[in-house]
file run.cif (mmCIF, C-alpha atoms and all ligand atoms)
data_data
#
loop_
_atom_site.label_atom_id
_atom_site.label_comp_id
_atom_site.auth_asym_id
_atom_site.auth_seq_id
_atom_site.Cartn_x
_atom_site.Cartn_y
_atom_site.Cartn_z
CA MET A 7 -22.78 -2.74 8.14
CA ASP A 8 -25.47 -0.30 9.27
CA ALA A 9 -26.60 2.36 6.84
CA GLN A 10 -28.74 5.37 7.70
CA LYS A 11 -30.08 8.10 5.50
CA LEU A 12 -29.26 11.46 7.08
CA PHE A 13 -30.83 13.73 4.51
CA ASP A 14 -33.07 13.31 1.48
CA ASP A 15 -34.23 16.38 -0.34
CA GLY A 16 -33.01 16.55 -3.92
CA HIS A 17 -29.78 14.92 -2.86
CA GLN A 18 -29.01 12.33 -0.21
CA TRP A 19 -26.57 11.79 2.64
CA TYR A 20 -25.88 8.29 3.96
CA VAL A 21 -23.79 7.17 6.88
CA PHE A 22 -22.30 3.65 7.05
CA GLY A 23 -20.82 2.17 10.18
CA ARG A 24 -21.14 -0.16 13.16
CA ASP A 25 -19.92 -3.02 10.99
CA PRO A 26 -20.46 -6.23 13.00
CA GLU A 27 -18.22 -8.16 10.60
CA LYS A 28 -15.11 -6.05 10.98
CA PRO A 29 -12.17 -7.62 12.84
CA GLU A 30 -12.49 -6.90 16.56
CA LYS A 31 -9.31 -4.89 17.10
CA ILE A 32 -10.07 -2.47 14.29
CA LEU A 33 -11.34 0.93 15.35
CA ASP A 34 -14.93 1.46 14.24
CA THR A 35 -15.33 4.13 11.58
CA ASN A 36 -18.18 6.06 9.98
CA GLN A 37 -18.14 6.37 6.22
CA TYR A 38 -20.39 8.83 4.44
CA MET A 39 -21.80 9.05 0.95
CA ILE A 40 -23.45 12.02 -0.69
CA VAL A 41 -25.54 11.17 -3.75
CA ASP A 42 -26.45 13.91 -6.18
CA GLY A 43 -28.12 12.35 -9.22
CA LYS A 44 -25.46 10.65 -11.30
CA ARG A 45 -22.60 11.84 -9.16
CA SER A 46 -21.72 10.58 -5.71
CA ILE A 47 -18.87 11.19 -3.34
CA LEU A 48 -17.61 8.95 -0.57
CA LEU A 49 -16.23 10.77 2.45
CA ASP A 50 -13.40 8.92 4.20
CA PRO A 51 -13.99 5.57 2.43
CA GLY A 52 -12.23 3.65 5.21
CA GLY A 53 -9.53 1.06 5.72
CA ILE A 54 -8.78 -1.96 3.55
CA GLU A 55 -10.48 -4.27 6.09
CA VAL A 56 -13.89 -2.67 5.58
CA PHE A 57 -13.58 -2.38 1.79
CA SER A 58 -15.77 -5.37 0.80
CA THR A 59 -18.53 -4.43 3.21
CA MET A 60 -18.36 -0.79 2.22
CA LEU A 61 -18.52 -1.51 -1.48
CA ALA A 62 -21.48 -3.84 -1.01
CA SER A 63 -23.20 -1.24 1.19
CA VAL A 64 -22.82 1.70 -1.20
CA LEU A 65 -23.85 -0.30 -4.25
CA LYS A 66 -27.20 -0.83 -2.58
CA TYR A 67 -27.89 2.87 -3.16
CA VAL A 68 -25.91 3.86 -6.27
CA ASN A 69 -24.74 2.35 -9.50
CA ILE A 70 -21.03 1.84 -9.62
CA GLU A 71 -20.55 4.23 -12.55
CA HIS A 72 -22.18 6.99 -10.53
CA LEU A 73 -19.56 6.75 -7.81
CA THR A 74 -17.37 9.48 -9.22
CA ASP A 75 -15.50 11.06 -6.31
CA LEU A 76 -13.69 10.12 -3.15
CA PHE A 77 -12.70 12.45 -0.37
CA ALA A 78 -10.07 11.80 2.29
CA SER A 79 -10.06 14.24 5.21
CA HIS A 80 -6.44 13.25 5.83
CA GLN A 81 -3.90 10.48 5.28
CA ASP A 82 -4.63 8.03 8.11
CA PRO A 83 -5.04 4.28 7.40
CA ASP A 84 -8.56 4.19 8.88
CA ILE A 85 -9.47 6.89 6.35
CA ILE A 86 -8.04 5.70 3.09
CA SER A 87 -5.93 2.52 3.24
CA SER A 88 -8.62 0.94 1.01
CA LEU A 89 -7.47 3.21 -1.83
CA GLY A 90 -5.61 0.45 -3.70
CA MET A 91 -8.91 -1.45 -3.94
CA TRP A 92 -11.11 1.51 -4.92
CA ASP A 93 -8.49 2.29 -7.52
CA GLN A 94 -9.24 -1.00 -9.24
CA VAL A 95 -13.00 -0.82 -8.97
CA LEU A 96 -13.43 2.91 -9.80
CA PRO A 97 -10.64 3.58 -12.29
CA ASN A 98 -12.19 6.81 -13.59
CA SER A 99 -12.88 8.54 -10.30
CA SER A 100 -11.12 11.40 -8.51
CA LEU A 101 -9.69 11.59 -5.01
CA HIS A 102 -9.88 14.93 -3.22
CA CYS A 103 -7.40 15.37 -0.41
CA SER A 104 -4.89 17.88 0.90
CA GLY A 105 -2.11 18.52 -1.60
CA ILE A 106 0.54 17.83 1.02
CA TRP A 107 -0.45 14.18 1.28
CA GLU A 108 -0.32 13.13 -2.36
CA GLY A 109 3.14 11.56 -2.26
CA PHE A 110 2.23 9.74 0.96
CA ILE A 111 -1.23 8.53 0.04
CA ARG A 112 0.01 7.06 -3.23
CA HIS A 113 1.76 4.46 -1.06
CA PHE A 114 -1.67 2.83 -0.62
CA GLY A 115 -1.62 2.11 -4.37
CA MET A 116 -3.15 4.46 -6.91
CA ASP A 117 -2.63 3.76 -10.61
CA ASN A 118 -5.95 4.87 -12.07
CA ILE A 119 -7.75 7.34 -9.83
CA GLU A 120 -6.94 11.01 -10.37
CA TYR A 121 -5.54 12.88 -7.37
CA LYS A 122 -7.14 16.30 -7.00
CA PRO A 123 -5.13 18.21 -4.42
CA ILE A 124 -7.00 20.63 -2.14
CA ASP A 125 -5.23 23.89 -1.45
CA ASP A 126 -4.42 24.77 2.18
CA ALA A 127 -6.99 27.58 1.99
CA GLY A 128 -9.80 25.13 1.15
CA GLY A 129 -11.88 24.47 -1.93
CA ARG A 130 -15.23 23.63 -3.42
CA ILE A 131 -16.63 20.86 -5.56
CA THR A 132 -19.84 20.80 -7.57
CA LEU A 133 -21.49 17.42 -8.01
CA GLU A 134 -24.50 17.38 -10.34
CA ASN A 135 -26.30 20.33 -8.71
CA ILE A 136 -25.03 20.77 -5.20
CA GLU A 137 -21.86 22.44 -4.02
CA LEU A 138 -19.73 21.13 -1.20
CA ASP A 139 -17.10 23.17 0.64
CA PHE A 140 -13.78 21.75 1.73
CA ILE A 141 -13.22 23.61 4.99
CA PRO A 142 -9.64 23.81 6.28
CA ALA A 143 -9.19 21.98 9.59
CA HIS A 144 -5.41 21.76 9.67
CA TYR A 145 -3.80 20.18 12.74
CA MET A 146 -7.21 18.79 13.73
CA HIS A 147 -5.49 16.33 14.09
CA SER A 148 -3.60 15.93 10.82
CA SER A 149 -1.37 18.69 9.48
CA GLY A 150 -3.21 18.67 6.15
CA ASN A 151 -6.85 18.19 7.08
CA PHE A 152 -10.26 19.18 5.72
CA ASN A 153 -13.93 19.01 6.74
CA VAL A 154 -16.76 18.91 4.23
CA TYR A 155 -19.69 21.30 4.59
CA ASP A 156 -22.91 21.00 2.65
CA PRO A 157 -24.79 24.32 2.94
CA LYS A 158 -28.01 22.84 1.58
CA SER A 159 -28.40 19.95 4.04
CA LYS A 160 -26.47 21.87 6.73
CA ILE A 161 -24.37 18.81 7.47
CA LEU A 162 -20.73 19.20 8.44
CA PHE A 163 -18.50 16.16 8.03
CA SER A 164 -15.89 16.88 10.68
CA GLY A 165 -13.45 13.97 10.25
CA ASP A 166 -11.71 13.10 13.52
CA VAL A 167 -13.13 16.16 15.30
CA GLY A 168 -16.04 15.09 17.48
CA ALA A 169 -14.87 11.47 17.43
CA ALA A 170 -15.61 9.14 20.31
CA LEU A 171 -14.22 5.78 21.36
CA GLU A 172 -17.08 3.52 22.29
CA PRO A 173 -17.88 -0.17 22.58
CA PRO A 174 -19.32 -1.70 19.39
CA GLY A 175 -22.98 -1.23 18.59
CA ALA A 176 -23.38 2.30 20.00
CA PRO A 177 -26.30 4.31 18.56
CA MET A 178 -25.67 6.59 15.57
CA PHE A 179 -26.68 9.83 17.34
CA VAL A 180 -25.71 11.37 20.66
CA ASP A 181 -28.68 10.98 23.00
CA ASP A 182 -27.22 12.24 26.27
CA PHE A 183 -24.48 14.81 25.68
CA GLU A 184 -23.18 14.92 29.27
CA GLN A 185 -22.73 11.17 29.28
CA HIS A 186 -21.14 11.17 25.83
CA VAL A 187 -18.43 13.62 26.90
CA GLU A 188 -16.54 10.85 28.66
CA ASN A 189 -16.25 8.89 25.39
CA MET A 190 -14.70 11.90 23.67
CA ARG A 191 -12.38 13.43 26.25
CA PHE A 192 -9.30 11.22 25.86
CA PHE A 193 -9.55 11.12 22.08
CA HIS A 194 -9.53 14.90 21.78
CA GLN A 195 -6.92 15.54 24.43
CA ARG A 196 -4.52 12.99 22.97
CA TRP A 197 -5.11 13.19 19.19
CA MET A 198 -5.61 16.92 18.86
CA PRO A 199 -2.20 18.54 19.07
CA SER A 200 -2.79 22.28 19.36
CA ASN A 201 -5.04 24.61 21.39
CA GLU A 202 -4.34 27.36 18.87
CA ALA A 203 -5.48 25.24 15.93
CA LYS A 204 -8.51 24.20 17.94
CA SER A 205 -9.63 27.79 18.65
CA HIS A 206 -9.05 28.67 15.02
CA TRP A 207 -11.22 25.76 13.89
CA ILE A 208 -14.02 26.56 16.39
CA GLN A 209 -14.14 30.20 15.25
CA ARG A 210 -14.44 29.11 11.65
CA ILE A 211 -17.09 26.46 12.35
CA ARG A 212 -19.26 28.76 14.52
CA LYS A 213 -19.89 30.85 11.41
CA LEU A 214 -21.57 27.92 9.65
CA ASP A 215 -25.20 26.98 9.94
CA ILE A 216 -25.03 23.35 11.09
CA ASP A 217 -27.85 20.88 11.73
CA ILE A 218 -25.71 17.77 11.96
CA LEU A 219 -22.06 17.48 12.88
CA ALA A 220 -20.86 14.13 11.58
CA PRO A 221 -17.53 12.74 12.78
CA GLN A 222 -15.58 9.79 11.40
CA HIS A 223 -15.77 7.81 14.67
CA GLY A 224 -18.57 7.50 17.20
CA ARG A 225 -21.89 9.28 17.30
CA LEU A 226 -23.24 12.19 15.28
CA PHE A 227 -24.39 15.46 16.85
CA LYS A 228 -27.77 16.90 15.98
CA GLY A 229 -29.46 20.24 16.69
CA PRO A 230 -28.46 21.79 20.02
CA ASP A 231 -25.83 19.07 20.61
CA VAL A 232 -23.74 20.69 17.87
CA GLN A 233 -23.37 23.88 19.93
CA ARG A 234 -22.89 21.83 23.09
CA PHE A 235 -20.00 20.07 21.44
CA LEU A 236 -18.38 23.31 20.26
CA ASP A 237 -18.68 24.83 23.75
CA TRP A 238 -17.29 21.75 25.43
CA PHE A 239 -14.40 21.49 22.95
CA ASP A 240 -13.65 25.20 23.36
CA GLN A 241 -12.79 24.81 27.03
CA LEU A 242 -10.88 21.52 26.62
CA ASP A 243 -7.10 21.58 26.92
CA VAL A 244 -5.56 19.46 24.16
CA GLY A 245 -2.09 18.16 23.26
CA SER A 246 -1.94 16.10 26.44
CA ALA A 247 1.08 13.92 25.58
CA ILE A 248 3.57 16.74 26.20
CA LYS A 249 1.97 18.06 29.36
CA MET B 6 -8.90 -18.36 -9.99
CA PRO B 7 -5.55 -19.96 -10.67
CA HIS B 8 -3.88 -18.54 -7.55
CA ALA B 9 -4.76 -18.06 -3.94
CA SER B 10 -3.39 -14.89 -2.40
CA SER B 11 -1.16 -16.82 -0.03
CA GLN B 12 0.43 -18.62 -2.98
CA ILE B 13 1.23 -15.31 -4.65
CA ALA B 14 2.56 -13.90 -1.40
CA ALA B 15 4.94 -16.89 -1.21
CA GLN B 16 6.08 -16.19 -4.79
CA THR B 17 6.74 -12.56 -4.02
CA ALA B 18 8.83 -13.53 -1.05
CA ALA B 19 10.64 -16.21 -3.09
CA SER B 20 11.61 -13.85 -5.90
CA ALA B 21 12.78 -11.21 -3.44
CA THR B 22 14.88 -13.90 -1.75
CA ILE B 23 16.37 -14.98 -5.09
CA SER B 24 17.26 -11.39 -5.84
CA GLY B 25 19.03 -11.20 -2.48
CA HIS B 26 21.02 -14.38 -3.18
CA LEU B 27 22.06 -13.16 -6.59
CA PHE B 28 23.19 -9.88 -5.11
CA ARG B 29 25.44 -11.78 -2.71
CA ALA B 30 26.63 -14.04 -5.53
CA SER B 31 27.61 -10.97 -7.56
CA ILE B 32 29.69 -9.66 -4.66
CA ILE B 33 31.56 -12.98 -4.50
CA ALA B 34 31.97 -12.85 -8.28
CA LYS B 35 33.63 -9.46 -7.90
CA ARG B 36 36.06 -10.92 -5.37
CA MET B 37 36.61 -13.76 -7.82
CA ALA B 38 37.51 -11.29 -10.57
CA LEU B 39 40.03 -9.71 -8.22
CA ALA B 40 41.48 -13.15 -7.46
CA ALA B 41 41.72 -13.79 -11.20
CA LYS B 42 43.67 -10.56 -11.69
CA ASN B 43 46.01 -11.50 -8.82
CA SER B 44 46.60 -14.98 -10.17
CA ARG B 45 47.45 -13.49 -13.53
CA ALA B 46 50.04 -11.16 -11.98
CA MET B 47 51.52 -14.05 -10.04
CA VAL B 48 51.69 -16.22 -13.15
CA LEU B 49 53.52 -13.44 -14.98
CA ARG B 50 56.01 -13.14 -12.12
CA ALA B 51 56.61 -16.90 -12.14
CA GLY B 52 57.60 -16.49 -15.80
CA THR B 53 58.42 -19.54 -17.93
CA LYS B 54 57.97 -21.92 -15.00
CA ALA B 55 54.25 -21.12 -15.05
CA ALA B 56 53.73 -20.83 -18.79
CA GLY B 57 50.99 -23.47 -18.68
CA LEU B 58 49.09 -21.39 -16.12
CA LYS B 59 48.84 -18.32 -18.29
CA VAL B 60 46.07 -19.70 -20.48
CA ILE B 61 44.15 -20.98 -17.48
CA SER B 62 44.29 -17.69 -15.59
CA ASP B 63 43.22 -15.76 -18.69
CA TYR B 64 40.27 -18.08 -19.07
CA PHE B 65 39.45 -17.71 -15.38
CA ASP B 66 39.57 -13.92 -15.64
CA GLY B 67 37.06 -14.03 -18.50
CA LEU B 68 34.83 -16.40 -16.56
CA ALA B 69 34.77 -14.14 -13.52
CA GLY B 70 33.77 -11.18 -15.70
CA LYS B 71 30.94 -13.12 -17.29
CA THR B 72 29.76 -14.27 -13.87
CA ILE B 73 29.51 -10.70 -12.61
CA THR B 74 27.54 -9.61 -15.66
CA LEU B 75 25.19 -12.56 -15.53
CA SER B 76 24.54 -12.32 -11.81
CA ASN B 77 23.66 -8.65 -12.22
CA ILE B 78 21.25 -9.52 -15.02
CA ILE B 79 19.68 -12.27 -12.92
CA ASN B 80 19.39 -9.93 -9.97
CA GLN B 81 17.44 -7.48 -12.14
CA CYS B 82 15.31 -10.27 -13.53
CA ALA B 83 14.47 -11.48 -10.01
CA ILE B 84 13.53 -7.93 -8.99
CA SER B 85 11.15 -7.60 -11.91
CA ILE B 86 9.62 -10.98 -11.06
CA SER B 87 9.11 -9.73 -7.54
CA ARG B 88 7.43 -6.61 -8.90
CA THR B 89 5.15 -8.65 -11.16
CA SER B 90 4.27 -10.85 -8.19
CA VAL B 91 3.33 -7.87 -6.05
CA ARG B 92 1.09 -6.56 -8.82
CA GLN B 93 -0.47 -9.99 -9.18
CA TRP B 94 -0.86 -10.23 -5.43
CA ARG B 95 -2.67 -6.89 -5.19
CA THR B 96 -4.98 -7.80 -8.05
CA GLN B 97 -5.74 -11.16 -6.50
CA THR B 98 -6.45 -9.55 -3.12
CA PHE B 99 -8.79 -7.18 -4.90
CA LEU B 100 -10.58 -10.01 -6.69
CA ASP B 101 -10.95 -11.93 -3.42
CA ARG B 102 -12.52 -8.90 -1.75
CA LEU B 103 -14.74 -8.29 -4.74
CA ALA B 104 -15.99 -11.89 -4.61
CA LEU B 105 -16.92 -11.33 -0.97
CA CYS B 106 -18.72 -8.15 -1.91
CA GLN B 107 -20.67 -9.90 -4.69
CA LEU B 108 -21.79 -12.49 -2.20
CA ARG B 109 -23.13 -9.74 0.05
CA LEU B 110 -24.83 -7.93 -2.79
CA GLY B 111 -26.83 -10.95 -3.87
CA PRO B 112 -27.66 -12.11 -7.40
CA GLU B 113 -29.57 -9.01 -8.59
CA LYS B 114 -26.90 -6.44 -7.90
CA SER B 115 -23.70 -8.46 -8.03
CA ASN B 116 -23.55 -8.31 -11.82
CA MET B 117 -22.76 -4.59 -11.47
CA LEU B 118 -19.25 -5.71 -10.63
CA ASP B 119 -18.85 -8.21 -13.46
CA GLY B 120 -17.09 -5.63 -15.63
CA ALA B 121 -14.47 -4.91 -13.00
CA VAL B 122 -13.98 -8.63 -12.34
CA THR B 123 -13.47 -9.44 -16.03
CA HIS B 124 -11.12 -6.51 -16.50
CA ARG B 125 -8.92 -7.38 -13.53
CA ARG B 126 -8.92 -11.10 -14.38
CA LEU B 127 -7.62 -10.21 -17.80
CA PHE B 128 -4.93 -8.09 -16.19
CA LEU B 129 -4.08 -11.00 -13.90
CA GLU B 130 -3.74 -13.28 -16.93
CA GLU B 131 -1.34 -10.81 -18.55
CA GLN B 132 0.70 -10.69 -15.37
CA LEU B 133 0.79 -14.47 -15.26
CA HIS B 134 1.93 -14.58 -18.84
CA SER B 135 4.84 -12.23 -18.26
CA LEU B 136 5.66 -14.04 -15.03
CA ARG B 137 5.91 -17.30 -16.95
CA SER B 138 8.38 -15.92 -19.46
CA GLN B 139 10.41 -14.11 -16.80
CA LEU B 140 10.63 -17.34 -14.84
CA SER B 141 11.82 -19.46 -17.72
CA GLU B 142 14.46 -16.81 -18.46
CA LEU B 143 15.56 -16.89 -14.86
CA LYS B 144 15.75 -20.66 -14.85
CA ASP B 145 18.06 -20.67 -17.89
CA GLN B 146 20.26 -17.95 -16.46
CA LEU B 147 20.66 -19.75 -13.17
CA ALA B 148 21.63 -22.90 -15.05
CA ASP B 149 24.22 -20.88 -17.00
CA ILE B 150 25.84 -19.61 -13.84
CA GLN B 151 25.95 -23.12 -12.42
CA GLN B 152 27.74 -24.13 -15.60
CA TYR B 153 30.27 -21.32 -15.12
CA MET B 154 30.92 -22.47 -11.59
CA GLN B 155 31.47 -26.02 -12.82
CA SER B 156 34.10 -24.64 -15.19
CA SER B 157 35.72 -22.54 -12.54
CA ASN B 158 36.08 -25.60 -10.32
CA VAL B 159 37.85 -27.32 -13.20
CA VAL B 160 40.07 -24.25 -13.45
CA ALA B 161 40.94 -24.57 -9.78
CA VAL B 162 41.88 -28.24 -10.15
CA THR B 163 44.07 -27.60 -13.21
CA PHE B 164 45.61 -24.60 -11.51
CA ARG B 165 46.59 -26.69 -8.53
CA LEU B 166 48.12 -29.38 -10.76
CA GLU B 167 50.11 -26.91 -12.81
CA ALA B 168 51.28 -25.11 -9.68
CA THR B 169 53.36 -28.14 -8.64
CA GLN B 170 55.75 -27.29 -11.51
CA THR B 171 56.45 -23.75 -10.32
CA GLY B 172 58.96 -24.24 -7.49
CA GLU B 173 58.90 -21.39 -5.00
CA PHE B 174 55.52 -20.17 -6.38
CA GLN B 175 53.82 -23.46 -5.71
CA SER B 176 52.33 -22.70 -2.30
CA ILE B 177 51.02 -19.26 -3.18
CA LEU B 178 49.47 -20.52 -6.43
CA GLU B 179 47.94 -23.43 -4.58
CA SER B 180 46.31 -21.14 -2.09
CA MET B 181 44.95 -19.13 -5.00
CA ALA B 182 43.46 -22.31 -6.44
CA ASN B 183 41.82 -22.93 -3.07
CA THR B 184 40.33 -19.45 -3.05
CA ILE B 185 38.94 -19.97 -6.52
CA SER B 186 37.29 -23.24 -5.63
CA GLN B 187 35.96 -21.82 -2.36
CA GLN B 188 34.41 -18.83 -4.12
CA SER B 189 32.93 -21.02 -6.85
CA ASN B 190 31.33 -23.23 -4.21
CA ASP B 191 29.93 -20.22 -2.37
CA ILE B 192 28.33 -18.89 -5.54
CA LYS B 193 27.03 -22.36 -6.36
CA ALA B 194 25.36 -22.55 -2.97
CA HIS B 195 23.54 -19.25 -3.59
CA ILE B 196 22.42 -20.42 -7.01
CA THR B 197 21.23 -23.79 -5.71
CA THR B 198 19.16 -22.06 -3.03
CA SER B 199 17.73 -19.79 -5.72
CA GLN B 200 16.86 -22.77 -7.90
CA ASN B 201 15.11 -24.40 -4.96
CA LYS B 202 13.17 -21.20 -4.33
CA LEU B 203 11.93 -21.34 -7.90
CA SER B 204 9.93 -24.41 -6.97
CA HIS B 205 7.60 -22.06 -5.02
CA PHE B 206 6.29 -20.84 -8.31
CA GLN B 207 3.45 -23.06 -9.44
CA ILE B 208 2.39 -21.63 -12.74
FE FE C 301 -6.95 10.41 11.97
FE FE C 302 -9.87 8.56 12.33
#

call {"tool": "encode", "arguments": {"input": "run.cif", "output": "structure tokens"}}
result
Amino acid sequence: MDAQKLFDDGHQWYVFGRDPEKPEKILDTNQYMIVDGKRSILLDPGGIEVFSTMLASVLKYVNIEHLTDLFASHQDPDIISSLGMWDQVLPNSSLHCSGIWEGFIRHFGMDNIEYKPIDDAGGRITLENIELDFIPAHYMHSSGNFNVYDPKSKILFSGDVGAALEPPGAPMFVDDFEQHVENMRFFHQRWMPSNEAKSHWIQRIRKLDIDILAPQHGRLFKGPDVQRFLDWFDQLDVGSAIK
Amino acid sequence: MPHASSQIAAQTAASATISGHLFRASIIAKRMALAAKNSRAMVLRAGTKAAGLKVISDYFDGLAGKTITLSNIINQCAISISRTSVRQWRTQTFLDRLALCQLRLGPEKSNMLDGAVTHRRLFLEEQLHSLRSQLSELKDQLADIQQYMQSSNVVAVTFRLEATQTGEFQSILESMANTISQQSNDIKAHITTSQNKLSHFQI
């Protein structure tokens, strides 16, 4: 599994993905880790099939006892079906996720980890020094859905928003936005259910100062590509299955 | 590791299957209890002609009651075995994935996971221990039910013999005896299948 450091100034951001060992029919996912001294959080730790690789990858950068928090943007299997495994390897950690999903997510198996529900209005977590904001992104696509914004590194983890479906081995960052649009169109039209929710989300996100927009699938957006993405998404009609 | 995941998966399926068979056996046992009540009423109506049958039908009634109770207990026992198996299965899956991860981490870093491995292995041992005792309990209980069914077949034979003395009641009492032996055989079949399923457990 590829790992790249996205930010390193007092605290670190890593992205893991493009796993060549994952079974072929499994959708490729990006997992993120933020390390702040002796506390680290995994964002969307992934499905059960990538668990072994993920664990081995993160332990290259942190000690296991410093992996204190997990975050799930929503309840999907590609996000958090590995929970039953993390639960056994990190018995003292906490999982942050929308409060509406607790009873559902526990079906993945959770005997030890503490569930910390995030309120619909959003929330905030302090690691050792840094603060991270849980930004509401409901119906984008899940009905209880959050992004994570780090004001210091100016990275927004956007979950399924900004996702692209691409052949394996694609680069980590968007290099040609116009070309990349075709990898994103179907995903957003089909998985995003509501134009209203979309406009709401864009308004909220435009107020943030963002250097990198980091989705859970496909490539990351950097610099001017962040605005390009927001503009493109703004004019896209979504909820295509009922049209 | 004493168990491969596939072995544990087979156990989980086997105990769930046993639980299903015992559920069906308990339904037959309920019908059997009803048949016992009917035979008793019939024996009373036949009066002195069927005096010898009274004792047998009382005994049969008691047997049916015990069968219902025991099959319910066994059903519960099989469910808890299935639950233990699932827990064992999940732990084993976890350990398998952890072993893979240790391989990837290499010798310097893999010892970071030793604590988790030891802890979960211990848990697995505990699960195995309770599985062992649950299984031996189940084995005994299944044998008990088989014994009951042996007795109820004897009841059916005696019933049929005694019925020949009862004149106009003979045919109806005979058909009751047939029902009893049919139901006993049906229960026996479920128990035999369950006993065979137990052979999936290699602990
Ligand atoms: Fe999703
Ligand atoms: Fe996803």

call {"tool": "interface_residues", "arguments": {"input": "run.cif", "of": "chain A", "to": "chain B", "cutoff": "7 Å", "atoms": "all atoms listed in the file", "output": "list in words"}}
result
Ser58, Thr59, Leu61, Ala62, Ile70, Met91 and Val95 of chain A

call {"tool": "residues_near_ligand", "arguments": {"input": "run.cif", "ligand": "ligand FE 302 (chain C)", "cutoff": "6 Å", "atoms": "all atoms listed in the file", "output": "VMD selection string"}}
result
chain A and resid 84 166 222

call {"tool": "atom_distance", "arguments": {"input": "run.cif", "atom1": "atom CA of Asn43 of chain B", "atom2": "atom CA of Ser199 of chain B"}}
result
29.6 Å

call {"tool": "residues_around", "arguments": {"input": "run.cif", "residues": "Ser76 of chain B", "least_positions_apart": "4", "cutoff": "6 Å", "atoms": "only C-alpha atoms", "output": "list in words"}}
result
Leu27, Ser31, Thr72 and Asn80 of chain B

call {"tool": "residues_near_ligand", "arguments": {"input": "run.cif", "ligand": "ligand FE 301 (chain C)", "cutoff": "8 Å", "atoms": "only C-alpha atoms and all ligand atoms", "output": "PDB file with C-alpha atoms, in the frame of the given file"}}
result
ATOM      1  CA  HIS A  80      -6.440  13.250   5.830  1.00  0.00           C
ATOM      2  CA  GLN A  81      -3.900  10.480   5.280  1.00  0.00           C
ATOM      3  CA  ASP A  82      -4.630   8.030   8.110  1.00  0.00           C
ATOM      4  CA  PRO A  83      -5.040   4.280   7.400  1.00  0.00           C
ATOM      5  CA  ASP A  84      -8.560   4.190   8.880  1.00  0.00           C
ATOM      6  CA  ILE A  85      -9.470   6.890   6.350  1.00  0.00           C
ATOM      7  CA  HIS A 147      -5.490  16.330  14.090  1.00  0.00           C
ATOM      8  CA  SER A 148      -3.600  15.930  10.820  1.00  0.00           C
ATOM      9  CA  GLY A 165     -13.450  13.970  10.250  1.00  0.00           C
ATOM     10  CA  ASP A 166     -11.710  13.100  13.520  1.00  0.00           C
ATOM     11  CA  TRP A 197      -5.110  13.190  19.190  1.00  0.00           C
TER      12      TRP A 197
END

call {"tool": "build_atoms", "arguments": {"input": "run.cif", "residues": "segment 56-68 of chain A", "atoms": "N, CA and C atoms", "output": "PDB file, keeping the file's coordinate frame"}}
result
ATOM      1  N   VAL A  56     -12.441  -2.852   5.721  1.00  0.00           N
ATOM      2  CA  VAL A  56     -13.890  -2.670   5.580  1.00  0.00           C
ATOM      3  C   VAL A  56     -14.291  -2.511   4.105  1.00  0.00           C
ATOM      4  N   PHE A  57     -13.301  -2.651   3.206  1.00  0.00           N
ATOM      5  CA  PHE A  57     -13.580  -2.380   1.790  1.00  0.00           C
ATOM      6  C   PHE A  57     -14.751  -3.197   1.225  1.00  0.00           C
ATOM      7  N   SER A  58     -14.718  -4.529   1.402  1.00  0.00           N
ATOM      8  CA  SER A  58     -15.770  -5.370   0.800  1.00  0.00           C
ATOM      9  C   SER A  58     -17.153  -4.967   1.300  1.00  0.00           C
ATOM     10  N   THR A  59     -17.239  -4.793   2.623  1.00  0.00           N
ATOM     11  CA  THR A  59     -18.530  -4.430   3.210  1.00  0.00           C
ATOM     12  C   THR A  59     -18.980  -3.064   2.714  1.00  0.00           C
ATOM     13  N   MET A  60     -18.028  -2.136   2.665  1.00  0.00           N
ATOM     14  CA  MET A  60     -18.360  -0.790   2.220  1.00  0.00           C
ATOM     15  C   MET A  60     -18.869  -0.795   0.778  1.00  0.00           C
ATOM     16  N   LEU A  61     -18.132  -1.484  -0.073  1.00  0.00           N
ATOM     17  CA  LEU A  61     -18.520  -1.510  -1.480  1.00  0.00           C
ATOM     18  C   LEU A  61     -19.935  -2.098  -1.629  1.00  0.00           C
ATOM     19  N   ALA A  62     -20.156  -3.222  -0.931  1.00  0.00           N
ATOM     20  CA  ALA A  62     -21.480  -3.840  -1.010  1.00  0.00           C
ATOM     21  C   ALA A  62     -22.550  -2.884  -0.474  1.00  0.00           C
ATOM     22  N   SER A  63     -22.216  -2.153   0.592  1.00  0.00           N
ATOM     23  CA  SER A  63     -23.200  -1.240   1.190  1.00  0.00           C
ATOM     24  C   SER A  63     -23.533  -0.091   0.241  1.00  0.00           C
ATOM     25  N   VAL A  64     -22.515   0.530  -0.362  1.00  0.00           N
ATOM     26  CA  VAL A  64     -22.820   1.700  -1.200  1.00  0.00           C
ATOM     27  C   VAL A  64     -23.534   1.304  -2.490  1.00  0.00           C
ATOM     28  N   LEU A  65     -23.220   0.105  -2.994  1.00  0.00           N
ATOM     29  CA  LEU A  65     -23.850  -0.300  -4.250  1.00  0.00           C
ATOM     30  C   LEU A  65     -25.339  -0.630  -4.068  1.00  0.00           C
ATOM     31  N   LYS A  66     -25.762  -0.675  -2.810  1.00  0.00           N
ATOM     32  CA  LYS A  66     -27.200  -0.830  -2.580  1.00  0.00           C
ATOM     33  C   LYS A  66     -27.942   0.447  -2.955  1.00  0.00           C
ATOM     34  N   TYR A  67     -27.234   1.571  -2.942  1.00  0.00           N
ATOM     35  CA  TYR A  67     -27.890   2.870  -3.160  1.00  0.00           C
ATOM     36  C   TYR A  67     -27.509   3.554  -4.466  1.00  0.00           C
ATOM     37  N   VAL A  68     -26.324   3.222  -5.000  1.00  0.00           N
ATOM     38  CA  VAL A  68     -25.910   3.860  -6.270  1.00  0.00           C
ATOM     39  C   VAL A  68     -25.381   2.816  -7.240  1.00  0.00           C
TER      40      VAL A  68
END
